[in-house]
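run28.pdb (PDB, C-alpha atoms) appears below.
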```
ATOM      1  CA  SER S   1     -17.188  25.810 -17.234  1.00  0.00           C
ATOM      2  CA  THR S   2     -17.359  22.502 -15.385  1.00  0.00           C
ATOM      3  CA  LEU S   3     -17.387  19.442 -17.598  1.00  0.00           C
ATOM      4  CA  PHE S   4     -19.819  17.457 -15.444  1.00  0.00           C
ATOM      5  CA  PRO S   5     -22.792  18.709 -13.396  1.00  0.00           C
ATOM      6  CA  TYR S   6     -21.292  17.601 -10.076  1.00  0.00           C
ATOM      7  CA  THR S   7     -24.207  18.892  -8.006  1.00  0.00           C
ATOM      8  CA  THR S   8     -26.581  16.604  -9.871  1.00  0.00           C
ATOM      9  CA  LEU S   9     -24.127  13.766 -10.215  1.00  0.00           C
ATOM     10  CA  PHE S  10     -22.815  13.386  -6.665  1.00  0.00           C
ATOM     11  CA  ARG S  11     -25.154  15.221  -4.320  1.00  0.00           C
ATOM     12  CA  SER S  12     -28.506  13.691  -5.248  1.00  0.00           C
ATOM     13  CA  PRO S  13     -29.758  10.181  -4.519  1.00  0.00           C
ATOM     14  CA  GLN S  14     -29.450   8.929  -8.104  1.00  0.00           C
ATOM     15  CA  PRO S  15     -28.769   5.259  -8.778  1.00  0.00           C
ATOM     16  CA  ASN S  16     -25.405   4.601 -10.410  1.00  0.00           C
ATOM     17  CA  GLN S  17     -26.990   3.888 -13.811  1.00  0.00           C
ATOM     18  CA  GLU S  18     -28.707   7.278 -13.813  1.00  0.00           C
ATOM     19  CA  ARG S  19     -25.398   8.957 -13.007  1.00  0.00           C
ATOM     20  CA  MET S  20     -23.732   7.089 -15.882  1.00  0.00           C
ATOM     21  CA  ASP S  21     -26.538   8.301 -18.190  1.00  0.00           C
ATOM     22  CA  VAL S  22     -25.834  11.888 -17.102  1.00  0.00           C
ATOM     23  CA  ILE S  23     -22.133  11.385 -17.838  1.00  0.00           C
ATOM     24  CA  LYS S  24     -22.774   9.899 -21.294  1.00  0.00           C
ATOM     25  CA  ALA S  25     -25.179  12.691 -22.229  1.00  0.00           C
ATOM     26  CA  THR S  26     -22.729  15.359 -21.107  1.00  0.00           C
ATOM     27  CA  LEU S  27     -19.899  13.767 -23.087  1.00  0.00           C
ATOM     28  CA  ARG S  28     -22.032  13.698 -26.244  1.00  0.00           C
ATOM     29  CA  GLU S  29     -23.120  17.301 -25.728  1.00  0.00           C
ATOM     30  CA  ARG S  30     -19.514  18.475 -25.378  1.00  0.00           C
ATOM     31  CA  GLN S  31     -18.422  16.443 -28.454  1.00  0.00           C
ATOM     32  CA  ILE S  32     -15.607  14.700 -26.593  1.00  0.00           C
ATOM     33  CA  SER S  33     -13.397  12.440 -28.727  1.00  0.00           C
ATOM     34  CA  PRO S  34     -14.336   8.712 -28.739  1.00  0.00           C
ATOM     35  CA  GLU S  35     -11.075   7.675 -27.047  1.00  0.00           C
ATOM     36  CA  LEU S  36     -11.536  10.196 -24.248  1.00  0.00           C
ATOM     37  CA  VAL S  37     -15.194   9.181 -23.903  1.00  0.00           C
ATOM     38  CA  LYS S  38     -14.113   5.551 -23.447  1.00  0.00           C
ATOM     39  CA  LYS S  39     -11.553   6.445 -20.781  1.00  0.00           C
ATOM     40  CA  THR S  40     -13.955   8.741 -18.932  1.00  0.00           C
ATOM     41  CA  LYS S  41     -16.773   6.178 -18.880  1.00  0.00           C
ATOM     42  CA  HIS S  42     -14.336   3.513 -17.691  1.00  0.00           C
ATOM     43  CA  TYR S  43     -13.132   5.773 -14.907  1.00  0.00           C
ATOM     44  CA  TYR S  44     -16.615   6.673 -13.664  1.00  0.00           C
ATOM     45  CA  HIS S  45     -17.794   3.082 -13.889  1.00  0.00           C
ATOM     46  CA  HIS S  46     -14.964   2.110 -11.534  1.00  0.00           C
ATOM     47  CA  TYR S  47     -15.542   5.132  -9.302  1.00  0.00           C
ATOM     48  CA  LEU S  48     -19.278   4.559  -8.939  1.00  0.00           C
ATOM     49  CA  THR S  49     -19.168   0.787  -8.524  1.00  0.00           C
ATOM     50  CA  SER S  50     -15.911   0.123  -6.659  1.00  0.00           C
ATOM     51  CA  CYS S  51     -15.200   3.175  -4.517  1.00  0.00           C
ATOM     52  CA  SER S  52     -17.001   4.442  -1.432  1.00  0.00           C
ATOM     53  CA  ASN S  53     -20.445   5.895  -2.044  1.00  0.00           C
ATOM     54  CA  PRO S  54     -19.717   9.615  -2.592  1.00  0.00           C
ATOM     55  CA  VAL S  55     -23.304  10.650  -1.840  1.00  0.00           C
ATOM     56  CA  THR S  56     -23.385   8.922   1.533  1.00  0.00           C
ATOM     57  CA  GLU S  57     -19.955  10.201   2.588  1.00  0.00           C
ATOM     58  CA  TRP S  58     -20.727  13.740   1.445  1.00  0.00           C
ATOM     59  CA  ARG S  59     -24.000  13.848   3.365  1.00  0.00           C
ATOM     60  CA  ILE S  60     -22.464  12.479   6.548  1.00  0.00           C
ATOM     61  CA  LEU S  61     -19.480  14.837   6.487  1.00  0.00           C
ATOM     62  CA  ALA S  62     -21.557  17.878   5.497  1.00  0.00           C
ATOM     63  CA  GLU S  63     -23.884  17.457   8.481  1.00  0.00           C
ATOM     64  CA  LEU S  64     -21.102  17.131  11.071  1.00  0.00           C
ATOM     65  CA  CYS S  65     -19.787  20.068  13.045  1.00  0.00           C
ATOM     66  CA  PRO S  66     -16.247  21.087  11.929  1.00  0.00           C
ATOM     67  CA  PRO S  67     -14.334  19.547  14.884  1.00  0.00           C
ATOM     68  CA  LEU S  68     -16.149  16.217  14.532  1.00  0.00           C
ATOM     69  CA  ARG S  69     -15.800  16.313  10.735  1.00  0.00           C
ATOM     70  CA  ASN S  70     -12.029  16.689  11.154  1.00  0.00           C
ATOM     71  CA  GLU S  71     -11.937  13.720  13.523  1.00  0.00           C
ATOM     72  CA  VAL S  72     -13.894  11.536  11.095  1.00  0.00           C
ATOM     73  CA  LEU S  73     -11.713  12.569   8.169  1.00  0.00           C
ATOM     74  CA  MET S  74      -8.611  11.868  10.232  1.00  0.00           C
ATOM     75  CA  PHE S  75      -9.923   8.401  11.129  1.00  0.00           C
ATOM     76  CA  LEU S  76     -10.818   7.548   7.521  1.00  0.00           C
ATOM     77  CA  ASN S  77      -7.446   8.713   6.203  1.00  0.00           C
ATOM     78  CA  ALA S  78      -5.506   7.101   9.046  1.00  0.00           C
ATOM     79  CA  ARG S  79      -7.149   3.758   8.257  1.00  0.00           C
ATOM     80  CA  ALA S  80      -6.185   4.239   4.615  1.00  0.00           C
ATOM     81  CA  VAL S  81      -2.500   4.951   5.308  1.00  0.00           C
ATOM     82  CA  MET S  82      -1.839   2.316   7.972  1.00  0.00           C
ATOM     83  CA  HIS S  83      -0.369  -0.053   5.367  1.00  0.00           C
ATOM     84  CA  ILE S  84       1.867   2.601   3.762  1.00  0.00           C
ATOM     85  CA  ASP S  85       5.575   2.201   4.539  1.00  0.00           C
ATOM     86  CA  PHE S  86       6.159   5.952   4.842  1.00  0.00           C
ATOM     87  CA  PHE S  87       3.957   6.160   7.955  1.00  0.00           C
ATOM     88  CA  ARG S  88       5.120   3.015   9.745  1.00  0.00           C
ATOM     89  CA  GLY S  89       6.947   3.770  12.957  1.00  0.00           C
ATOM     90  CA  GLN S  90       5.995   7.448  12.855  1.00  0.00           C
ATOM     91  CA  ASP S  91       4.636   9.234  15.893  1.00  0.00           C
ATOM     92  CA  THR S  92       0.829   9.021  16.060  1.00  0.00           C
ATOM     93  CA  THR S  93       0.523  12.800  16.452  1.00  0.00           C
ATOM     94  CA  PHE S  94       2.468  13.263  13.236  1.00  0.00           C
ATOM     95  CA  VAL S  95       0.304  10.723  11.369  1.00  0.00           C
ATOM     96  CA  ALA S  96      -2.867  12.410  12.635  1.00  0.00           C
ATOM     97  CA  SER S  97      -1.709  15.867  11.540  1.00  0.00           C
ATOM     98  CA  VAL S  98      -0.845  14.613   8.050  1.00  0.00           C
ATOM     99  CA  CYS S  99      -4.021  12.544   7.650  1.00  0.00           C
ATOM    100  CA  LYS S 100      -6.222  15.621   7.988  1.00  0.00           C
ATOM    101  CA  LEU S 101      -4.481  17.164   4.978  1.00  0.00           C
ATOM    102  CA  LEU S 102      -4.324  14.213   2.565  1.00  0.00           C
ATOM    103  CA  LYS S 103      -6.441  14.493  -0.579  1.00  0.00           C
ATOM    104  CA  PRO S 104      -7.895  11.514  -2.492  1.00  0.00           C
ATOM    105  CA  CYS S 105      -6.870  11.104  -6.140  1.00  0.00           C
ATOM    106  CA  PHE S 106      -8.011   8.572  -8.727  1.00  0.00           C
ATOM    107  CA  ALA S 107      -6.528   7.428 -12.043  1.00  0.00           C
ATOM    108  CA  ALA S 108      -7.748   5.059 -14.754  1.00  0.00           C
ATOM    109  CA  PRO S 109      -5.480   2.633 -16.657  1.00  0.00           C
ATOM    110  CA  SER S 110      -2.991   4.482 -18.924  1.00  0.00           C
ATOM    111  CA  ASP S 111      -3.627   7.809 -17.191  1.00  0.00           C
ATOM    112  CA  TYR S 112      -0.564   9.909 -16.369  1.00  0.00           C
ATOM    113  CA  VAL S 113      -0.232  10.768 -12.689  1.00  0.00           C
ATOM    114  CA  PHE S 114       2.560  13.147 -13.707  1.00  0.00           C
ATOM    115  CA  ARG S 115       5.133  13.454 -16.495  1.00  0.00           C
ATOM    116  CA  GLU S 116       8.890  13.726 -16.519  1.00  0.00           C
ATOM    117  CA  GLY S 117      10.008  17.356 -16.505  1.00  0.00           C
ATOM    118  CA  GLU S 118       6.876  18.735 -14.849  1.00  0.00           C
ATOM    119  CA  LEU S 119       7.094  20.838 -11.709  1.00  0.00           C
ATOM    120  CA  GLY S 120       6.700  18.616  -8.649  1.00  0.00           C
ATOM    121  CA  LEU S 121       3.884  19.964  -6.491  1.00  0.00           C
ATOM    122  CA  GLU S 122       2.690  16.785  -4.740  1.00  0.00           C
ATOM    123  CA  MET S 123       3.774  13.373  -3.541  1.00  0.00           C
ATOM    124  CA  PHE S 124       1.456  10.369  -3.688  1.00  0.00           C
ATOM    125  CA  PHE S 125       0.645   7.364  -1.479  1.00  0.00           C
ATOM    126  CA  VAL S 126      -0.840   4.316  -3.223  1.00  0.00           C
ATOM    127  CA  GLN S 127      -3.948   2.937  -1.539  1.00  0.00           C
ATOM    128  CA  SER S 128      -4.906   0.453  -4.241  1.00  0.00           C
ATOM    129  CA  GLY S 129      -3.941  -0.461  -7.785  1.00  0.00           C
ATOM    130  CA  THR S 130      -0.550  -0.234  -9.478  1.00  0.00           C
ATOM    131  CA  VAL S 131       1.487   2.406 -11.287  1.00  0.00           C
ATOM    132  CA  GLU S 132       4.657   2.128 -13.333  1.00  0.00           C
ATOM    133  CA  ILE S 133       7.574   4.547 -13.299  1.00  0.00           C
ATOM    134  CA  LEU S 134       9.112   5.431 -16.666  1.00  0.00           C
ATOM    135  CA  CYS S 135      11.916   7.667 -17.899  1.00  0.00           C
ATOM    136  CA  ALA S 136      12.859   8.932 -21.325  1.00  0.00           C
ATOM    137  CA  PHE S 137      15.492   6.744 -23.005  1.00  0.00           C
ATOM    138  CA  GLU S 138      16.785   6.755 -26.593  1.00  0.00           C
ATOM    139  CA  GLY S 139      13.638   8.299 -28.023  1.00  0.00           C
ATOM    140  CA  GLY S 140      11.306   6.030 -26.065  1.00  0.00           C
ATOM    141  CA  GLU S 141      10.441   5.211 -22.479  1.00  0.00           C
ATOM    142  CA  LEU S 142      12.330   2.879 -20.144  1.00  0.00           C
ATOM    143  CA  ARG S 143      10.370   1.137 -17.370  1.00  0.00           C
ATOM    144  CA  LEU S 144      12.180   1.684 -14.075  1.00  0.00           C
ATOM    145  CA  ASP S 145       9.832   0.281 -11.466  1.00  0.00           C
ATOM    146  CA  CYS S 146       6.280  -0.696 -10.528  1.00  0.00           C
ATOM    147  CA  GLN S 147       4.598   0.618  -7.376  1.00  0.00           C
ATOM    148  CA  GLU S 148       1.557  -0.893  -5.671  1.00  0.00           C
ATOM    149  CA  GLN S 149      -0.478  -0.649  -2.478  1.00  0.00           C
ATOM    150  CA  GLY S 150       1.603   0.609   0.440  1.00  0.00           C
ATOM    151  CA  SER S 151       4.218   2.436  -1.633  1.00  0.00           C
ATOM    152  CA  TYR S 152       4.720   6.136  -2.271  1.00  0.00           C
ATOM    153  CA  PHE S 153       6.324   8.224  -5.006  1.00  0.00           C
ATOM    154  CA  GLY S 154       6.935  11.797  -6.090  1.00  0.00           C
ATOM    155  CA  GLU S 155       8.792  12.841  -2.944  1.00  0.00           C
ATOM    156  CA  VAL S 156      12.139  13.449  -4.701  1.00  0.00           C
ATOM    157  CA  ALA S 157      10.879  16.520  -6.555  1.00  0.00           C
ATOM    158  CA  LEU S 158       9.603  17.953  -3.259  1.00  0.00           C
ATOM    159  CA  LEU S 159      12.755  17.163  -1.304  1.00  0.00           C
ATOM    160  CA  GLU S 160      15.114  18.619  -3.895  1.00  0.00           C
ATOM    161  CA  SER S 161      12.845  21.311  -5.413  1.00  0.00           C
ATOM    162  CA  GLN S 162      13.450  20.107  -8.953  1.00  0.00           C
ATOM    163  CA  PRO S 163      11.306  18.962 -11.905  1.00  0.00           C
ATOM    164  CA  ARG S 164       9.974  15.419 -12.014  1.00  0.00           C
ATOM    165  CA  MET S 165      12.740  12.971 -12.898  1.00  0.00           C
ATOM    166  CA  ALA S 166      10.348  10.299 -14.203  1.00  0.00           C
ATOM    167  CA  THR S 167       6.863   9.732 -15.590  1.00  0.00           C
ATOM    168  CA  VAL S 168       4.269   7.793 -13.587  1.00  0.00           C
ATOM    169  CA  THR S 169       1.301   6.110 -15.281  1.00  0.00           C
ATOM    170  CA  ALA S 170      -1.533   3.973 -13.914  1.00  0.00           C
ATOM    171  CA  THR S 171      -1.563   0.332 -15.028  1.00  0.00           C
ATOM    172  CA  SER S 172      -4.932  -0.318 -13.349  1.00  0.00           C
ATOM    173  CA  GLU S 173      -7.580   1.674 -11.541  1.00  0.00           C
ATOM    174  CA  VAL S 174      -5.513   3.481  -8.920  1.00  0.00           C
ATOM    175  CA  GLU S 175      -6.540   5.195  -5.724  1.00  0.00           C
ATOM    176  CA  THR S 176      -3.941   7.432  -4.099  1.00  0.00           C
ATOM    177  CA  MET S 177      -3.718  10.086  -1.417  1.00  0.00           C
ATOM    178  CA  SER S 178      -1.735  13.206  -2.284  1.00  0.00           C
ATOM    179  CA  LEU S 179       0.279  15.540  -0.093  1.00  0.00           C
ATOM    180  CA  ASP S 180       1.112  19.006  -1.429  1.00  0.00           C
ATOM    181  CA  ARG S 181       4.471  20.764  -1.231  1.00  0.00           C
ATOM    182  CA  LYS S 182       3.517  23.236   1.510  1.00  0.00           C
ATOM    183  CA  THR S 183       2.250  20.495   3.820  1.00  0.00           C
ATOM    184  CA  PHE S 184       5.221  18.297   2.997  1.00  0.00           C
ATOM    185  CA  THR S 185       7.646  21.097   3.809  1.00  0.00           C
ATOM    186  CA  ASN S 186       5.963  22.308   6.987  1.00  0.00           C
ATOM    187  CA  ILE S 187       5.022  18.993   8.562  1.00  0.00           C
ATOM    188  CA  VAL S 188       6.796  16.057   6.975  1.00  0.00           C
ATOM    189  CA  LEU S 189      10.314  17.490   6.783  1.00  0.00           C
ATOM    190  CA  GLN S 190      10.080  18.725  10.363  1.00  0.00           C
ATOM    191  CA  ALA S 191       8.981  15.261  11.531  1.00  0.00           C
ATOM    192  CA  MET S 192      11.718  13.589   9.489  1.00  0.00           C
ATOM    193  CA  ARG S 193      14.353  15.876  11.025  1.00  0.00           C
ATOM    194  CA  MET S 194      13.104  15.166  14.537  1.00  0.00           C
ATOM    195  CA  LYS S 195      13.058  11.427  13.880  1.00  0.00           C
ATOM    196  CA  ARG S 196      16.586  11.568  12.475  1.00  0.00           C
ATOM    197  CA  GLU S 197      17.842  13.472  15.529  1.00  0.00           C
ATOM    198  CA  ARG S 198      16.338  10.800  17.805  1.00  0.00           C
ATOM    199  CA  TRP S 199      18.000   8.037  15.791  1.00  0.00           C
ATOM    200  CA  ILE S 200      21.394   9.756  15.840  1.00  0.00           C
ATOM    201  CA  ALA S 201      21.099  10.159  19.617  1.00  0.00           C
ATOM    202  CA  PHE S 202      20.157   6.477  19.876  1.00  0.00           C
ATOM    203  CA  ILE S 203      23.137   5.421  17.744  1.00  0.00           C
ATOM    204  CA  GLY S 204      25.420   7.572  19.888  1.00  0.00           C
ATOM    205  CA  SER S 205      24.266   5.728  23.012  1.00  0.00           C
ATOM    206  CA  ILE S 206      25.383   2.336  21.632  1.00  0.00           C
ATOM    207  CA  THR S 207      28.983   1.389  22.481  1.00  0.00           C
ATOM    208  CA  LEU S 208      29.455  -0.427  19.161  1.00  0.00           C
ATOM    209  CA  PHE S 209      28.959   2.811  17.219  1.00  0.00           C
ATOM    210  CA  GLU S 210      30.619   5.342  19.528  1.00  0.00           C
ATOM    211  CA  ARG S 211      33.702   5.716  17.294  1.00  0.00           C
ATOM    212  CA  MET S 212      31.633   6.676  14.238  1.00  0.00           C
ATOM    213  CA  ASP S 213      31.842  10.235  12.963  1.00  0.00           C
ATOM    214  CA  SER S 214      28.723  12.272  12.133  1.00  0.00           C
ATOM    215  CA  HIS S 215      28.819  11.353   8.424  1.00  0.00           C
ATOM    216  CA  GLU S 216      28.900   7.631   9.219  1.00  0.00           C
ATOM    217  CA  LYS S 217      26.038   8.019  11.679  1.00  0.00           C
ATOM    218  CA  ASP S 218      23.994   9.786   9.001  1.00  0.00           C
ATOM    219  CA  LYS S 219      24.558   6.896   6.592  1.00  0.00           C
ATOM    220  CA  LEU S 220      23.586   4.386   9.268  1.00  0.00           C
ATOM    221  CA  CYS S 221      20.349   6.315   9.909  1.00  0.00           C
ATOM    222  CA  ASP S 222      19.388   5.831   6.261  1.00  0.00           C
ATOM    223  CA  ALA S 223      19.623   2.064   6.714  1.00  0.00           C
ATOM    224  CA  LEU S 224      17.701   1.787   9.992  1.00  0.00           C
ATOM    225  CA  ARG S 225      14.224   0.239   9.984  1.00  0.00           C
ATOM    226  CA  ILE S 226      11.816  -0.147  12.890  1.00  0.00           C
ATOM    227  CA  GLU S 227      10.632  -3.679  13.674  1.00  0.00           C
ATOM    228  CA  LYS S 228       8.105  -4.687  16.313  1.00  0.00           C
ATOM    229  CA  HIS S 229       8.018  -8.128  17.954  1.00  0.00           C
ATOM    230  CA  THR S 230       5.415  -9.596  20.259  1.00  0.00           C
ATOM    231  CA  ALA S 231       6.375 -11.269  23.522  1.00  0.00           C
ATOM    232  CA  GLY S 232       7.563 -14.838  23.122  1.00  0.00           C
ATOM    233  CA  THR S 233       8.475 -14.633  19.423  1.00  0.00           C
ATOM    234  CA  TYR S 234      11.977 -15.306  18.077  1.00  0.00           C
ATOM    235  CA  ILE S 235      13.881 -12.276  16.782  1.00  0.00           C
ATOM    236  CA  ILE S 236      16.712 -14.348  15.268  1.00  0.00           C
TER     237      ILE S 236
END
```
Once you've parsed the file, please lay out its structure as structure tokens.
Amino acid sequence: STLFPYTTLFRSPQPNQERMDVIKATLRERQISPELVKKTKHYYHHYLTSCSNPVTEWRILAELCPPLRNEVLMFLNARAVMHIDFFRGQDTTFVASVCKLLKPCFAAPSDYVFREGELGLEMFFVQSGTVEILCAFEGGELRLDCQEQGSYFGEVALLESQPRMATVTATSEVETMSLDRKTFTNIVLQAMRMKRERWIAFIGSITLFERMDSHEKDKLCDALRIEKHTAGTYII
């Protein structure tokens, strides 16, 4: 059964305090442990007070015809991913096709996004908040990196079809967008291949690089970054 009465909680015009009362009552009824109660209340407090109003968004989207609903969802997601490095410089058609398939995910402080050794089914794009990346080391955990707004993680397990190589935990309230394996494989890899082919063709057209073999051109592609400059500004 569902832990929370979502129909009552998110689809009726209840003030936030009333929703929190519903959550607290449900937690008591299900005899949830005190530590889990604390984390759950903290999560919903953040969700109800800091995130977009779920009632308003649900009502608007539910009343739209499917084509218009897709356009609105695409716009909302596109706005959310504009600051994410992964999408910078990508073709707008590609970004639009991916945006329609992104799913919002939320995590409270100390929550695990995923654990080392798990099967990798999704990659994540950080919209807000921070996460830390950990790996098992000498019986404990070694902190490898910290990711924040604009970064992405979890793509290695999708690219190489292997278990997660690290654990990711939230260090604050975190909002992410997730992309599942099927979408990643069908859309993202195809776009990445096409982009790489364009870059290799571009490199081949430059006299400085014409003596490079295919392996060297591949390595150079990995180092290329797109930069945009407005008229009249200094490049160097």
Please determine an axis-aligned box that encloses all atoms of region 139-142 of chain S listed in the file, with 6 Å added on each side, and express its centre and edge lengths in Å to one decimal as AutoDock Vina command-line options.
```
--center_x 12.0 --center_y 5.6 --center_z -24.1 --size_x 15.2 --size_y 17.4 --size_z 19.9
```
Evaluating the PyMOL selection byres ((chain S and resi 153-170) around 10) on the displayed file yields which residues, as a ChimeraX atom specification?
/S:106-126,129-136,141-147,151-152,171-175,178-182,184-185,189
Go ahead and save the picked residues with C-alpha atoms, as a CSV table (one decimal), in the coordinates of the input.
```csv
chain,number,residue,atom,x,y,z
S,106,PHE,CA,-8.0,8.6,-8.7
S,107,ALA,CA,-6.5,7.4,-12.0
S,108,ALA,CA,-7.7,5.1,-14.8
S,109,PRO,CA,-5.5,2.6,-16.7
S,110,SER,CA,-3.0,4.5,-18.9
S,111,ASP,CA,-3.6,7.8,-17.2
S,112,TYR,CA,-0.6,9.9,-16.4
S,113,VAL,CA,-0.2,10.8,-12.7
S,114,PHE,CA,2.6,13.1,-13.7
S,115,ARG,CA,5.1,13.5,-16.5
S,116,GLU,CA,8.9,13.7,-16.5
S,117,GLY,CA,10.0,17.4,-16.5
S,118,GLU,CA,6.9,18.7,-14.8
S,119,LEU,CA,7.1,20.8,-11.7
S,120,GLY,CA,6.7,18.6,-8.6
S,121,LEU,CA,3.9,20.0,-6.5
S,122,GLU,CA,2.7,16.8,-4.7
S,123,MET,CA,3.8,13.4,-3.5
S,124,PHE,CA,1.5,10.4,-3.7
S,125,PHE,CA,0.6,7.4,-1.5
S,126,VAL,CA,-0.8,4.3,-3.2
S,129,GLY,CA,-3.9,-0.5,-7.8
S,130,THR,CA,-0.6,-0.2,-9.5
S,131,VAL,CA,1.5,2.4,-11.3
S,132,GLU,CA,4.7,2.1,-13.3
S,133,ILE,CA,7.6,4.5,-13.3
S,134,LEU,CA,9.1,5.4,-16.7
S,135,CYS,CA,11.9,7.7,-17.9
S,136,ALA,CA,12.9,8.9,-21.3
S,141,GLU,CA,10.4,5.2,-22.5
S,142,LEU,CA,12.3,2.9,-20.1
S,143,ARG,CA,10.4,1.1,-17.4
S,144,LEU,CA,12.2,1.7,-14.1
S,145,ASP,CA,9.8,0.3,-11.5
S,146,CYS,CA,6.3,-0.7,-10.5
S,147,GLN,CA,4.6,0.6,-7.4
S,151,SER,CA,4.2,2.4,-1.6
S,152,TYR,CA,4.7,6.1,-2.3
S,171,THR,CA,-1.6,0.3,-15.0
S,172,SER,CA,-4.9,-0.3,-13.3
S,173,GLU,CA,-7.6,1.7,-11.5
S,174,VAL,CA,-5.5,3.5,-8.9
S,175,GLU,CA,-6.5,5.2,-5.7
S,178,SER,CA,-1.7,13.2,-2.3
S,179,LEU,CA,0.3,15.5,-0.1
S,180,ASP,CA,1.1,19.0,-1.4
S,181,ARG,CA,4.5,20.8,-1.2
S,182,LYS,CA,3.5,23.2,1.5
S,184,PHE,CA,5.2,18.3,3.0
S,185,THR,CA,7.6,21.1,3.8
S,189,LEU,CA,10.3,17.5,6.8
```
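Of note, CA of Glu227 (chain S) and CA of Phe87 (chain S) are spaced 13.2 Å apart.
Minimum atom-to-atom distances from S:Arg30, S:Ile23, S:Lys38, S:Ile187 to Lys100 (chain S) were compared using all atoms listed in the file, and the lowest value belongs to S:Ile187.
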Nearest to Met192 (chain S): which of S:Arg19, S:Leu220, S:Pro67, S:Phe94 is it, counting only C-alpha atoms?
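For Met192 (chain S), the nearest of the given residues is S:Phe94.
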To verify the selection step, state as a PyMOL selection string which residues the PyMOL selection byres ((chain S and resi 103) around 7) yields on this input.
chain S and resi 101-102+104-105+177-179
Report, in Å with one decimal, the straight-line distance from CA of Lys217 (chain S) to CA of Gly204 (chain S).
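Straight-line distance from CA of Lys217 (chain S) to CA of Gly204 (chain S) works out to 8.2 Å.
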